[in-house]
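**Student:** My structure is in work-v3.cif, and what it holds is mmCIF, C-alpha atoms:
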data_query
#
loop_
_atom_site.label_atom_id
_atom_site.label_comp_id
_atom_site.auth_asym_id
_atom_site.auth_seq_id
_atom_site.Cartn_x
_atom_site.Cartn_y
_atom_site.Cartn_z
CA MET A 1 0.00 0.00 0.00
CA THR A 2 1.36 3.44 -0.91
CA GLU A 3 1.86 6.09 1.76
CA ARG A 4 -0.79 8.27 0.14
CA LEU A 5 -3.36 5.46 0.15
CA GLN A 6 -2.56 4.64 3.76
CA ARG A 7 -3.12 8.28 4.69
CA GLU A 8 -6.35 8.50 2.76
CA GLN A 9 -7.71 5.38 4.43
CA PHE A 10 -6.74 6.73 7.84
CA PHE A 11 -8.47 10.06 7.26
CA ASN A 12 -11.54 8.36 5.83
CA SER A 13 -11.76 6.28 9.00
CA LEU A 14 -11.82 9.45 11.09
CA ALA A 15 -14.80 11.01 9.30
CA PRO A 16 -17.43 9.71 11.78
CA LYS A 17 -15.39 11.03 14.71
CA TRP A 18 -15.01 14.41 13.04
CA MET A 19 -18.78 14.56 12.61
CA ARG A 20 -19.18 14.01 16.36
CA ASP A 21 -16.63 16.76 17.01
CA LEU A 22 -18.62 19.38 15.08
CA GLU A 23 -20.74 20.45 18.04
CA GLU A 24 -17.66 20.96 20.22
CA GLN A 25 -15.66 22.76 17.52
CA HIS A 26 -18.24 25.34 16.42
CA PRO A 27 -18.25 27.57 19.54
CA ARG A 28 -14.45 27.66 19.64
CA LEU A 29 -14.25 28.49 15.94
CA GLU A 30 -16.88 31.20 16.34
CA VAL A 31 -14.74 32.88 19.01
CA LEU A 32 -11.57 32.51 16.92
CA PHE A 33 -13.16 34.02 13.82
CA ARG A 34 -14.76 36.86 15.77
CA ASN A 35 -11.78 37.79 17.94
CA ASN A 36 -9.33 37.79 15.03
CA GLN A 37 -11.71 39.27 12.44
CA LEU A 38 -10.64 36.56 10.05
CA PRO A 39 -10.98 37.44 6.35
CA CYS A 40 -13.63 35.37 4.57
CA LYS A 41 -14.91 37.53 1.73
CA GLY A 42 -14.54 36.48 -1.90
CA ASN A 43 -13.26 33.10 -3.04
CA VAL A 44 -11.97 30.90 -0.22
CA LEU A 45 -9.99 27.66 -0.43
CA ASP A 46 -10.55 25.33 2.54
CA VAL A 47 -7.60 22.89 2.41
CA GLY A 48 -8.06 19.59 4.25
CA THR A 49 -11.70 20.46 4.65
CA GLY A 50 -12.58 17.19 6.36
CA THR A 51 -16.31 17.19 7.05
CA GLY A 52 -16.69 20.93 6.48
CA VAL A 53 -16.46 22.33 10.00
CA LEU A 54 -15.33 25.75 8.70
CA PHE A 55 -18.18 26.22 6.21
CA PRO A 56 -20.67 28.01 8.51
CA HIS A 57 -18.02 30.44 9.72
CA LEU A 58 -16.67 31.21 6.25
CA LEU A 59 -20.15 31.77 4.85
CA ALA A 60 -21.17 33.92 7.83
CA GLY A 61 -18.06 35.99 7.23
CA GLY A 62 -19.13 36.81 3.69
CA SER A 63 -17.49 34.21 1.49
CA SER A 64 -19.06 34.20 -1.97
CA SER A 65 -17.52 30.84 -2.94
CA ILE A 66 -15.80 28.04 -1.02
CA VAL A 67 -13.67 25.36 -2.63
CA ALA A 68 -13.49 22.42 -0.23
CA CYS A 69 -10.31 20.44 -0.94
CA ASP A 70 -9.29 17.13 0.61
CA ILE A 71 -7.45 13.95 -0.40
CA ALA A 72 -9.94 11.68 1.38
CA ARG A 73 -12.87 10.74 -0.82
CA GLU A 74 -15.19 9.61 2.00
CA THR A 75 -14.73 12.71 4.13
CA LEU A 76 -15.50 14.88 1.10
CA ALA A 77 -18.63 12.81 0.44
CA MET A 78 -19.69 13.23 4.06
CA ALA A 79 -19.08 16.98 3.90
CA ARG A 80 -21.15 17.23 0.72
CA LYS A 81 -24.02 15.29 2.29
CA THR A 82 -23.91 17.18 5.59
CA HIS A 83 -23.86 20.61 3.95
CA SER A 84 -26.07 19.88 0.94
CA ALA A 85 -28.38 22.76 1.83
CA ARG A 86 -25.58 25.32 1.69
CA ASN A 87 -24.93 27.15 -1.57
CA GLY A 88 -21.60 28.25 -3.00
CA ILE A 89 -19.50 25.23 -2.01
CA ASN A 90 -17.52 23.22 -4.56
CA TYR A 91 -15.87 19.93 -3.60
CA VAL A 92 -12.51 18.97 -5.09
CA ARG A 93 -10.47 15.87 -4.28
CA ALA A 94 -6.90 17.08 -4.59
CA ASP A 95 -3.51 17.22 -2.91
CA ALA A 96 -2.53 20.57 -1.37
CA GLN A 97 0.98 20.08 -2.76
CA ALA A 98 -0.31 20.04 -6.36
CA LEU A 99 -3.44 22.16 -6.43
CA PRO A 100 -5.48 22.03 -9.66
CA PHE A 101 -6.32 25.73 -9.68
CA PRO A 102 -5.05 28.65 -11.76
CA ASP A 103 -2.72 31.27 -10.36
CA ARG A 104 -4.40 33.99 -8.30
CA SER A 105 -7.69 32.18 -7.81
CA PHE A 106 -8.46 32.85 -4.12
CA ASN A 107 -8.79 35.68 -1.66
CA ALA A 108 -8.04 33.41 1.30
CA VAL A 109 -6.70 29.93 2.04
CA TYR A 110 -7.60 28.16 5.29
CA CYS A 111 -5.78 25.17 6.79
CA PHE A 112 -7.54 23.91 9.91
CA ARG A 113 -6.05 20.81 11.56
CA VAL A 114 -4.17 19.80 8.40
CA PHE A 115 -0.75 21.46 8.05
CA PRO A 116 1.30 18.69 9.76
CA HIS A 117 -0.06 16.16 7.28
CA PHE A 118 1.60 17.76 4.26
CA THR A 119 4.48 15.48 3.31
CA GLN A 120 6.07 18.40 1.43
CA PRO A 121 5.12 21.49 3.46
CA GLN A 122 7.41 23.78 1.47
CA ARG A 123 5.65 22.72 -1.72
CA ALA A 124 2.25 23.30 -0.13
CA LEU A 125 3.27 26.84 0.84
CA GLN A 126 4.41 27.49 -2.73
CA GLU A 127 1.03 26.32 -3.98
CA PHE A 128 -0.87 28.52 -1.52
CA TYR A 129 1.18 31.53 -2.57
CA ARG A 130 0.58 30.77 -6.25
CA CYS A 131 -3.17 30.39 -5.83
CA LEU A 132 -3.70 33.52 -3.74
CA PHE A 133 -4.40 36.98 -5.08
CA PRO A 134 -1.85 39.63 -4.05
CA ASN A 135 -2.70 40.67 -0.48
CA GLY A 136 -4.64 37.43 -0.09
CA THR A 137 -4.47 35.72 3.28
CA LEU A 138 -3.38 32.31 4.56
CA CYS A 139 -4.72 31.11 7.91
CA ILE A 140 -3.30 28.02 9.67
CA MET A 141 -5.11 26.88 12.82
CA HIS A 142 -5.19 24.07 15.39
CA PHE A 143 -6.82 23.71 18.77
CA MET A 144 -3.59 22.30 20.22
CA ASP A 145 -0.07 23.68 20.55
CA HIS A 146 2.63 22.04 18.45
CA SER A 147 4.10 19.94 21.27
CA ALA A 148 0.78 18.39 22.25
CA LEU A 149 -0.21 17.82 18.64
CA ASN A 150 3.07 16.15 17.69
CA ALA A 151 2.87 13.89 20.74
CA MET A 152 -0.68 12.89 19.78
CA HIS A 153 0.39 12.04 16.23
CA ARG A 154 3.23 9.83 17.47
CA GLU A 155 0.72 7.72 19.39
CA ALA A 156 -2.19 7.89 16.95
CA HIS A 157 -1.42 5.71 13.92
CA PRO A 158 1.58 4.80 11.71
CA ALA A 159 0.03 6.88 8.89
CA VAL A 160 0.59 10.11 10.85
CA ALA A 161 3.24 9.13 13.41
CA ARG A 162 5.89 11.24 11.66
CA ASP A 163 3.62 14.21 10.90
CA VAL A 164 5.03 17.26 12.67
CA LEU A 165 3.80 20.79 13.25
CA PRO A 166 6.67 23.26 13.81
CA PRO A 167 6.53 25.94 16.50
CA VAL A 168 4.50 28.88 15.23
CA ASN A 169 7.51 31.21 14.99
CA GLU A 170 9.34 28.65 12.82
CA LEU A 171 6.33 28.36 10.54
CA ALA A 172 6.18 32.16 10.32
CA ASN A 173 9.80 32.13 9.12
CA MET A 174 8.96 29.47 6.51
CA LEU A 175 6.10 31.61 5.27
CA HIS A 176 8.36 34.65 5.05
CA ASP A 177 10.76 32.65 2.87
CA HIS A 178 7.87 31.95 0.50
CA GLY A 179 6.78 35.57 0.15
CA PHE A 180 4.28 35.91 2.98
CA ALA A 181 4.17 38.57 5.68
CA THR A 182 2.95 37.54 9.12
CA ALA A 183 -0.13 39.49 10.18
CA SER A 184 -0.82 37.71 13.48
CA MET A 185 0.33 34.61 15.32
CA GLU A 186 -0.26 32.96 18.67
CA GLU A 187 0.65 29.64 20.24
CA ARG A 188 -0.42 28.48 23.68
CA GLU A 189 -2.06 25.48 25.28
CA GLY A 190 -5.16 24.71 23.24
CA LEU A 191 -4.39 27.06 20.33
CA TYR A 192 -2.06 27.38 17.36
CA PHE A 193 -2.88 30.30 15.10
CA LEU A 194 -1.06 32.00 12.26
CA LEU A 195 -2.45 34.55 9.82
CA ALA A 196 -0.22 35.68 6.94
CA THR A 197 -0.62 37.86 3.86
CA ARG A 198 0.71 37.21 0.35
CA LYS A 199 2.98 40.12 -0.56
#
Have the structure of the file written as structure tokens, please.
**Tutor:**
Amino acid sequence: MTERLQREQFFNSLAPKWMRDLEEQHPRLEVLFRNNQLPCKGNVLDVGTGTGVLFPHLLAGGSSSIVACDIARETLAMARKTHSARNGINYVRADAQALPFPDRSFNAVYCFRVFPHFTQPQRALQEFYRCLFPNGTLCIMHFMDHSALNAMHREAHPAVARDVLPPVNELANMLHDHGFATASMEEREGLYFLLATRK
């Protein structure tokens, strides 16, 4: 079995759990979006969309179009079914490290609970930069700090045991190297947040 297939099967297996997590995640996301005035207007790319937990918050923030991107077929299918009543969402099965979109397609890119799973994070950042409009924003979020998240991955499953999230200041430096300017960042117990702008 290829590494990609192993990962896809692992993420597909988590879809039911992620559905159960929706109720717990929504209030925390609402606070995060409100307190940071996160940009949602225009065309938004939701990378590693999972079961679509960000959709209500992006739409409430004024997004005119959401592209939900994930490598896991079953989680995308569950997201489509769960949010079938919502308009303006397109579902695309694709790898963040080789996005099938033209240059300068999006006003914002969101990565919630997905960045450590990129096997080529530098390539993913290049793709995000390419697909964003100038002054577009990239938001990377987790509800765990990097140490806790990395420890969880080591114990979770062989498919993600080596998946690592760097400290937020290190990721900010990586983003700078790829042409982004850090707008805001915070890391503490229960939160990892980085908002950057494409120069």
**Student:** Check what the PyMOL selection byres ((chain A and resi 38) around 10) selects in the file above and give those residues as a PDB file with C-alpha atoms, in the coordinates of the input.
**Tutor:**
ATOM      1  CA  LEU A  32     -11.570  32.510  16.920  1.00  0.00           C
ATOM      2  CA  PHE A  33     -13.160  34.020  13.820  1.00  0.00           C
ATOM      3  CA  ARG A  34     -14.760  36.860  15.770  1.00  0.00           C
ATOM      4  CA  ASN A  35     -11.780  37.790  17.940  1.00  0.00           C
ATOM      5  CA  ASN A  36      -9.330  37.790  15.030  1.00  0.00           C
ATOM      6  CA  GLN A  37     -11.710  39.270  12.440  1.00  0.00           C
ATOM      7  CA  PRO A  39     -10.980  37.440   6.350  1.00  0.00           C
ATOM      8  CA  CYS A  40     -13.630  35.370   4.570  1.00  0.00           C
ATOM      9  CA  LYS A  41     -14.910  37.530   1.730  1.00  0.00           C
ATOM     10  CA  HIS A  57     -18.020  30.440   9.720  1.00  0.00           C
ATOM     11  CA  LEU A  58     -16.670  31.210   6.250  1.00  0.00           C
ATOM     12  CA  GLY A  61     -18.060  35.990   7.230  1.00  0.00           C
ATOM     13  CA  ALA A 108      -8.040  33.410   1.300  1.00  0.00           C
ATOM     14  CA  THR A 137      -4.470  35.720   3.280  1.00  0.00           C
ATOM     15  CA  CYS A 139      -4.720  31.110   7.910  1.00  0.00           C
ATOM     16  CA  LEU A 195      -2.450  34.550   9.820  1.00  0.00           C
TER      17      LEU A 195
END
**Student:** Could you tell me which of A:Asn135, A:Gly62, A:Val47, A:His83 comes closest to Ala98 (chain A) if we count all atoms listed in the file?
**Tutor:**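 Checking each of A:Asn135, A:Gly62, A:Val47, A:His83 against Ala98 (chain A), counting all atoms listed in the file, the winner is A:Val47.
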**Student:** State, in Å with one decimal place, the distance from CA of Arg130 (chain A) to CA of Asp103 (chain A).
**Tutor:** 5.3 Å
**Student:** Could you list, as number ranges by chain, every residue within 10 Å of Val114 (chain A), counting only C-alpha atoms and ignoring same-chain residues fewer than 5 positions away?
**Tutor:** A: 47-50, 70, 96, 140-142, 163, 165
**Student:** Need the shell around Ile71 (chain A): protein/DNA/RNA residues with any atom at most 8 Å away, counting only C-alpha atoms. Skip same-chain ones fewer than 6 positions apart. Format as a list in words?
**Tutor:**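 Listed by chain and then number, they are Glu8, Gly48, Arg93, Ala94 and Asp95 of chain A.
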**Student:** Applying 12 Å and all atoms listed in the file, which residues near Glu170 (chain A) remain after dropping the ones on its own chain fewer than 3 positions away? List them as a VMD selection string.
**Tutor:** chain A and resid 146 165 to 167 173 to 177 182 185 187 194
**Student:** Check the smallest atom-to-atom distance from each of A:Asn169, A:Asn90, A:Thr197, A:Gln120 to Asp46 (chain A) using only C-alpha atoms, then report the winner.
**Tutor:** A:Asn90
**Student:** Could you please determine the separation between CA of Val92 (chain A) and CA of Gln126 (chain A) in Å, to one decimal place?
**Tutor:**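 According to the coordinates, CA of Val92 (chain A) and CA of Gln126 (chain A) are separated by 19.1 Å.
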**Student:** My list of candidates is A:Gly42, A:Pro27, A:Gly52, A:Gly88. Which is closest to Val109 (chain A) when distances are computed with only C-alpha atoms?
**Tutor:**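 That would be A:Gly42, the residue with the smallest distance to Val109 (chain A).
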**Student:** To one decimal place, how far is CA of Tyr91 (chain A) from CA of Phe180 (chain A) in Å?
**Tutor:**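 Atom-to-atom, CA of Tyr91 (chain A) to CA of Phe180 (chain A), that is 26.5 Å.
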**Student:** Measuring between only C-alpha atoms, which one of A:His26, A:Asn107, A:Ala183, A:Phe101 shows the shortest distance to Gly136 (chain A)?
**Tutor:**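 Of the candidates, the smallest distance to Gly136 (chain A) is held by A:Asn107.
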**Student:** Considering only C-alpha atoms, give me a table of residues in region 65-118 of chain A that are at most 10 Å from region 149-153 of chain A, with the closest atom pair and distance in Å for each, as JSON lines.
**Tutor:**
{"residue": "A:Arg113", "atom": "CA", "partner": "A:Leu149", "partner_atom": "CA", "distance": 9.7}
{"residue": "A:Pro116", "atom": "CA", "partner": "A:Asn150", "partner_atom": "CA", "distance": 8.5}
{"residue": "A:His117", "atom": "CA", "partner": "A:His153", "partner_atom": "CA", "distance": 9.9}
**Student:** Tell me which of A:Asn43, A:Ser84, A:Ser65, A:Ser184 sits closest to Ala196 (chain A), counting all atoms listed in the file.
**Tutor:** A:Ser184
**Student:** From the options A:Glu186, A:His178, A:Leu45, A:Ala124, which residue's atoms come nearest to Ser63 (chain A), counting all atoms listed in the file?
**Tutor:** A:Leu45
**Student:** Excluding Asp145 (chain A) and residues on its chain fewer than 6 positions from it, collect all residues at most 8 Å away from it, counting only C-alpha atoms, and give them as a JSON list (two decimals) with C-alpha atoms, keeping the file's coordinate frame.
**Tutor:**
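So the final result, stored in out_26.json, reads:
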[["chain", "number", "residue", "atom", "x", "y", "z"],
["A", 187, "GLU", "CA", 0.65, 29.64, 20.24],
["A", 188, "ARG", "CA", -0.42, 28.48, 23.68],
["A", 189, "GLU", "CA", -2.06, 25.48, 25.28],
["A", 190, "GLY", "CA", -5.16, 24.71, 23.24],
["A", 191, "LEU", "CA", -4.39, 27.06, 20.33],
["A", 192, "TYR", "CA", -2.06, 27.38, 17.36]]
